[in-house]
>>> print(open('protein_25.cif').read())   # mmCIF, C-alpha atoms
data_my_file
#
loop_
_atom_site.label_atom_id
_atom_site.label_comp_id
_atom_site.auth_asym_id
_atom_site.auth_seq_id
_atom_site.Cartn_x
_atom_site.Cartn_y
_atom_site.Cartn_z
CA MET A 1 17.99 -8.16 24.63
CA PHE A 2 16.93 -11.72 25.34
CA GLU A 3 16.71 -10.85 29.02
CA LEU A 4 14.25 -8.05 28.26
CA VAL A 5 12.11 -10.36 26.13
CA GLN A 6 12.16 -12.99 28.85
CA ALA A 7 11.31 -10.44 31.52
CA GLY A 8 8.38 -9.17 29.48
CA GLY A 9 6.63 -12.52 29.59
CA TRP A 10 4.80 -14.50 26.95
CA LEU A 11 3.09 -11.41 25.48
CA MET A 12 6.45 -10.36 24.08
CA ILE A 13 6.13 -13.16 21.50
CA PRO A 14 3.11 -11.71 19.62
CA ILE A 15 4.60 -8.22 19.95
CA LEU A 16 7.84 -9.40 18.34
CA LEU A 17 5.90 -11.19 15.60
CA CYS A 18 4.00 -7.98 14.91
CA SER A 19 7.28 -6.10 14.64
CA VAL A 20 8.56 -8.56 12.04
CA VAL A 21 5.34 -8.26 10.02
CA ALA A 22 5.40 -4.46 10.18
CA ALA A 23 9.04 -4.29 9.12
CA GLY A 24 8.49 -6.69 6.21
CA ILE A 25 5.45 -4.79 4.93
CA SER A 26 7.18 -1.42 5.25
CA VAL A 27 10.23 -2.54 3.26
CA GLU A 28 8.07 -4.21 0.58
CA ARG A 29 5.78 -1.18 0.17
CA LEU A 30 8.73 1.25 0.07
CA TRP A 31 10.06 -0.73 -2.88
CA THR A 32 6.73 -1.30 -4.61
CA LEU A 33 5.28 2.21 -4.31
CA ARG A 34 8.16 4.02 -5.98
CA ALA A 35 6.70 6.72 -8.21
CA GLU A 36 8.90 5.86 -11.18
CA GLN A 37 7.72 2.26 -11.02
CA VAL A 38 3.99 2.92 -10.47
CA ALA A 39 3.44 6.00 -12.65
CA PRO A 40 6.38 7.00 -14.87
CA ARG A 41 6.23 10.72 -15.58
CA ASP A 42 6.89 10.52 -19.32
CA LEU A 43 4.74 7.48 -20.08
CA LEU A 44 1.69 9.31 -21.45
CA THR A 45 3.89 11.49 -23.67
CA GLN A 46 5.60 8.42 -25.07
CA VAL A 47 2.29 6.59 -25.63
CA TRP A 48 0.74 9.57 -27.40
CA SER A 49 3.83 9.94 -29.59
CA TRP A 50 3.45 6.33 -30.71
CA ILE A 51 -0.24 6.81 -31.41
CA ARG A 52 0.26 10.00 -33.44
CA ASN A 53 3.02 8.41 -35.48
CA ASN A 54 1.01 5.21 -36.10
CA GLU A 55 3.64 3.22 -34.21
CA MET A 56 1.38 1.74 -31.53
CA ASP A 57 1.11 -1.98 -32.22
CA SER A 58 0.22 -5.00 -30.10
CA SER A 59 3.80 -5.54 -28.90
CA ARG A 60 4.05 -1.96 -27.64
CA LEU A 61 0.65 -2.27 -25.98
CA ARG A 62 1.91 -5.32 -24.12
CA GLU A 63 5.10 -3.48 -23.20
CA VAL A 64 3.19 -0.50 -21.81
CA LYS A 65 0.71 -2.71 -19.95
CA SER A 66 3.39 -4.81 -18.27
CA GLY A 67 5.63 -1.85 -17.48
CA SER A 68 3.64 -0.15 -14.74
CA PRO A 69 0.19 0.19 -13.13
CA LEU A 70 -0.29 3.46 -15.02
CA GLY A 71 0.45 1.57 -18.21
CA GLN A 72 -2.34 -0.89 -17.42
CA ILE A 73 -4.80 2.00 -17.09
CA LEU A 74 -3.66 3.71 -20.28
CA VAL A 75 -3.85 0.50 -22.29
CA ALA A 76 -7.41 -0.07 -21.03
CA GLY A 77 -8.32 3.35 -22.40
CA ILE A 78 -6.50 2.86 -25.70
CA THR A 79 -8.07 -0.50 -26.47
CA SER A 80 -11.59 0.76 -25.80
CA HIS A 81 -11.49 4.34 -27.11
CA ARG A 82 -13.18 3.52 -30.45
CA ARG A 83 -16.30 2.43 -28.58
CA GLY A 84 -16.92 5.91 -27.24
CA ARG A 85 -15.99 8.13 -24.33
CA ASP A 86 -18.33 6.45 -21.82
CA VAL A 87 -17.10 2.93 -22.57
CA MET A 88 -13.52 4.15 -22.44
CA LYS A 89 -14.04 5.70 -19.00
CA GLU A 90 -15.73 2.54 -17.72
CA SER A 91 -12.82 0.41 -18.92
CA ILE A 92 -10.32 2.73 -17.27
CA GLU A 93 -12.27 2.76 -13.99
CA GLU A 94 -12.49 -1.03 -13.94
CA VAL A 95 -8.74 -1.43 -14.36
CA ALA A 96 -8.04 1.47 -11.98
CA ASN A 97 -10.02 -0.22 -9.21
CA HIS A 98 -7.83 -3.29 -9.54
CA VAL A 99 -4.67 -1.16 -9.62
CA VAL A 100 -5.66 0.76 -6.48
CA HIS A 101 -6.41 -2.52 -4.71
CA GLU A 102 -2.90 -3.73 -5.55
CA LEU A 103 -1.33 -0.47 -4.39
CA GLU A 104 -3.12 -0.77 -1.04
CA ARG A 105 -2.08 -4.39 -0.53
CA TYR A 106 -0.91 -5.16 3.03
CA LEU A 107 -1.79 -1.66 4.29
CA ASN A 108 -4.75 -2.97 6.28
CA THR A 109 -2.42 -5.47 7.92
CA LEU A 110 0.05 -2.72 8.77
CA GLY A 111 -2.76 -0.62 10.23
CA THR A 112 -3.91 -3.59 12.28
CA VAL A 113 -0.41 -4.05 13.69
CA ALA A 114 -0.32 -0.36 14.62
CA ALA A 115 -3.65 -0.74 16.43
CA ILE A 116 -3.15 -4.01 18.31
CA THR A 117 0.43 -3.72 19.55
CA PRO A 118 -0.39 -0.97 22.11
CA LEU A 119 -3.28 -3.15 23.27
CA LEU A 120 -0.92 -6.11 23.67
CA GLY A 121 1.39 -3.86 25.67
CA LEU A 122 -1.54 -2.70 27.80
CA LEU A 123 -2.57 -6.31 28.37
CA GLY A 124 0.97 -7.04 29.51
CA THR A 125 0.74 -4.09 31.89
CA VAL A 126 -2.51 -5.40 33.35
CA ILE A 127 -1.10 -8.92 33.76
CA GLY A 128 2.04 -7.54 35.40
CA MET A 129 0.04 -5.45 37.86
CA ILE A 130 -2.19 -8.41 38.66
CA LYS A 131 0.94 -10.36 39.58
CA VAL A 132 2.10 -7.49 41.76
CA PHE A 133 -1.17 -7.25 43.70
CA THR A 134 -1.40 -11.03 43.97
CA ALA A 135 2.10 -11.10 45.47
CA ILE A 136 1.17 -8.33 47.89
CA GLN A 137 -1.94 -10.23 48.92
CA LEU A 138 -0.05 -13.49 49.50
CA GLU A 139 3.29 -12.28 50.85
CA GLY A 140 2.77 -8.65 51.78
CA THR A 141 5.11 -5.92 50.67
CA GLY A 142 8.24 -7.49 52.07
CA ASN A 143 9.24 -9.49 48.99
CA ALA A 144 10.72 -6.78 46.76
CA ALA A 145 11.94 -9.23 44.12
CA VAL A 146 8.43 -10.48 43.35
CA LEU A 147 7.06 -6.93 43.23
CA ALA A 148 9.87 -5.76 40.96
CA GLY A 149 9.29 -8.71 38.60
CA GLY A 150 5.63 -7.87 38.11
CA ILE A 151 6.28 -4.16 37.63
CA SER A 152 9.13 -4.91 35.24
CA GLU A 153 6.89 -7.16 33.11
CA ALA A 154 4.24 -4.44 33.00
CA LEU A 155 6.65 -1.71 31.89
CA ILE A 156 8.55 -3.82 29.36
CA THR A 157 5.47 -5.01 27.48
CA THR A 158 4.06 -1.48 27.38
CA ALA A 159 7.32 -0.08 26.03
CA ALA A 160 7.63 -2.90 23.48
CA GLY A 161 4.07 -2.42 22.24
CA LEU A 162 4.56 1.32 21.77
CA THR A 163 7.93 0.80 20.11
CA VAL A 164 6.27 -1.34 17.44
CA ALA A 165 3.06 0.69 17.17
CA ILE A 166 4.57 4.15 16.63
CA PRO A 167 6.62 3.38 13.48
CA SER A 168 3.86 1.11 12.18
CA LEU A 169 1.33 3.94 12.45
CA PHE A 170 3.77 6.36 10.82
CA PHE A 171 4.41 4.10 7.84
CA HIS A 172 0.73 3.24 7.51
CA ARG A 173 -0.19 6.93 7.22
CA TYR A 174 2.77 7.56 4.91
CA PHE A 175 1.83 4.76 2.52
CA GLN A 176 -1.84 5.80 2.51
CA ARG A 177 -0.77 9.31 1.52
CA LYS A 178 1.59 7.92 -1.08
CA VAL A 179 -1.14 5.80 -2.64
CA ASP A 180 -3.53 8.77 -2.70
CA GLU A 181 -0.95 10.90 -4.51
CA LEU A 182 -0.23 8.18 -7.06
CA VAL A 183 -3.93 7.56 -7.67
CA ILE A 184 -4.59 11.27 -8.24
CA TYR A 185 -1.71 11.49 -10.71
CA MET A 186 -2.82 8.38 -12.61
CA GLU A 187 -6.38 9.70 -12.69
CA GLN A 188 -5.15 12.95 -14.23
CA GLU A 189 -3.11 11.10 -16.84
CA ALA A 190 -6.07 8.86 -17.71
CA LEU A 191 -8.36 11.88 -18.11
CA LYS A 192 -5.81 13.51 -20.41
CA LEU A 193 -5.77 10.36 -22.53
CA VAL A 194 -9.57 10.28 -22.69
CA GLU A 195 -9.80 13.91 -23.77
CA VAL A 196 -6.98 13.74 -26.30
CA LEU A 197 -8.10 10.51 -27.95
CA ASN A 198 -11.72 11.61 -28.18
CA ALA A 199 -10.77 15.10 -29.39
CA ASP A 200 -8.48 13.55 -31.98
CA ARG A 201 -11.22 11.17 -33.05
CA THR A 202 -13.71 14.03 -33.39
CA ASP A 203 -11.38 16.32 -35.31
CA ASN A 204 -10.29 13.54 -37.63
CA ALA A 205 -13.48 11.54 -38.01
CA ASP A 206 -12.49 10.37 -41.47
CA VAL A 207 -8.85 9.70 -40.62
CA LYS A 208 -7.86 6.27 -39.40
CA HIS A 209 -4.77 5.14 -37.51
CA PRO A 210 -4.02 1.81 -39.23
CA ALA A 211 -1.50 0.62 -36.69
CA MET A 212 -3.81 1.53 -33.81
CA ALA A 213 -6.78 -0.21 -35.41
CA GLN A 214 -4.68 -3.32 -35.98
CA ALA A 215 -3.44 -3.29 -32.38
CA VAL A 216 -6.91 -2.80 -30.93
CA ASN A 217 -8.45 -5.57 -33.01
CA ARG A 218 -5.84 -8.16 -32.04
#
>>> encode(input="protein_25.cif", output="structure tokens")
Amino acid sequence: MFELVQAGGWLMIPILLCSVVAAGISVERLWTLRAEQVAPRDLLTQVWSWIRNNEMDSSRLREVKSGSPLGQILVAGITSHRRGRDVMKESIEEVANHVVHELERYLNTLGTVAAITPLLGLLGTVIGMIKVFTAIQLEGTGNAAVLAGGISEALITTAAGLTVAIPSLFFHRYFQRKVDELVIYMEQEALKLVEVLNADRTDNADVKHPAMAQAVNR
């Protein structure tokens, strides 16, 4: 392995660094973007149950908010729903923008790695071929060792760049799709919360939720 790295020349160093970065980001995002951690399926049902039973207090709001990104969005809607549908939606959108930004963390870096590693490999190919033609110009075609060294450097860097770029591109597209799916699901859950809370407020205009009012005002 070390012999291949050495034969590939100095451009193998940035390619290897890119591989480490891509591997680290992929493992971290695989762990962070788990659906059960980002958007638990039964969270909205549990939250609505607490609201209907007047059991939603400040401690449960903190628990929901700290439990998941979806919880942060739902709490933003809950704490602003008495100020009207429009204000509630604005609060949810503001928090959702922050949540989406966090979900997409490091994905630009992973995409950059997928884009530049083939270019690094191509640069290594060009440098290797320059060495080959320089050797031919200086020594002719009789020195096979020099020619083989230049060609070897060109092929190794190209292969290394593609080896890093292909899985990086795959995981970048996979995580982008994963984020899109999670965002759509959280958007649907937030819209359900908006409709249910506002419908409940309209149908029960004279009915208060004491625990909710206390939690919101704290």
>>> atom_distance(input="protein_25.cif", atom1="CA of Pro69 (chain A)", atom2="CA of Gly84 (chain A)")
22.9 Å
>>> closest_residue(input="protein_25.cif", among="A:Met56, A:Leu30, A:Leu120, A:Val75", to="Glu189 (chain A)", atoms="all atoms listed in the file")
A:Val75
>>> residues_around(input="protein_25.cif", residues="region 113-116 of chain A", least_positions_apart="3", cutoff="7 Å", atoms="only C-alpha atoms", output="PyMOL selection string")
chain A and resi 18+22+109-110+119-120+165-166+168-169
>>> closest_residue(input="protein_25.cif", among="A:Leu138, A:Val100, A:Tyr106, A:Gly161", to="Gly24 (chain A)", atoms="only C-alpha atoms")
A:Tyr106
>>> resolve_selection(input="protein_25.cif", expression="the PyMOL selection byres ((chain A and resi 37-52) around 8)", output="number ranges by chain")
A: 32-36, 53-56, 67-71, 74, 182, 185-186, 189, 193, 209, 212
>>> residues_around(input="protein_25.cif", residues="Leu155 (chain A)", least_positions_apart="6", cutoff="9 Å", atoms="only C-alpha atoms", output="VMD selection string")
chain A and resid 8 121 124 to 125 128
>>> closest_residue(input="protein_25.cif", among="A:Glu94, A:Glu63, A:Ser26, A:Ser80", to="Phe170 (chain A)", atoms="all atoms listed in the file")
A:Ser26
>>> atom_distance(input="protein_25.cif", atom1="CA of Ala96 (chain A)", atom2="CA of His81 (chain A)")
15.8 Å
>>> atom_distance(input="protein_25.cif", atom1="CA of Ile15 (chain A)", atom2="CA of Arg105 (chain A)")
21.9 Å
>>> resolve_selection(input="protein_25.cif", expression="the PyMOL selection byres ((chain A and resi 195) around 12)", output="list in words")
Trp48, Gly77, Ile78, His81, Gly84, Arg85, Asp86, Met88, Lys89, Gln188, Glu189, Ala190, Leu191, Lys192, Leu193, Val194, Val196, Leu197, Asn198, Ala199, Asp200, Arg201, Thr202 and Asp203 of chain A
>>> closest_residue(input="protein_25.cif", among="A:Thr157, A:Ile151, A:Gln176, A:Ile184", to="Phe133 (chain A)", atoms="all atoms listed in the file")
A:Ile151
>>> closest_residue(input="protein_25.cif", among="A:Met129, A:Leu122, A:Thr112, A:Asp180", to="Leu162 (chain A)", atoms="all atoms listed in the file")
A:Leu122
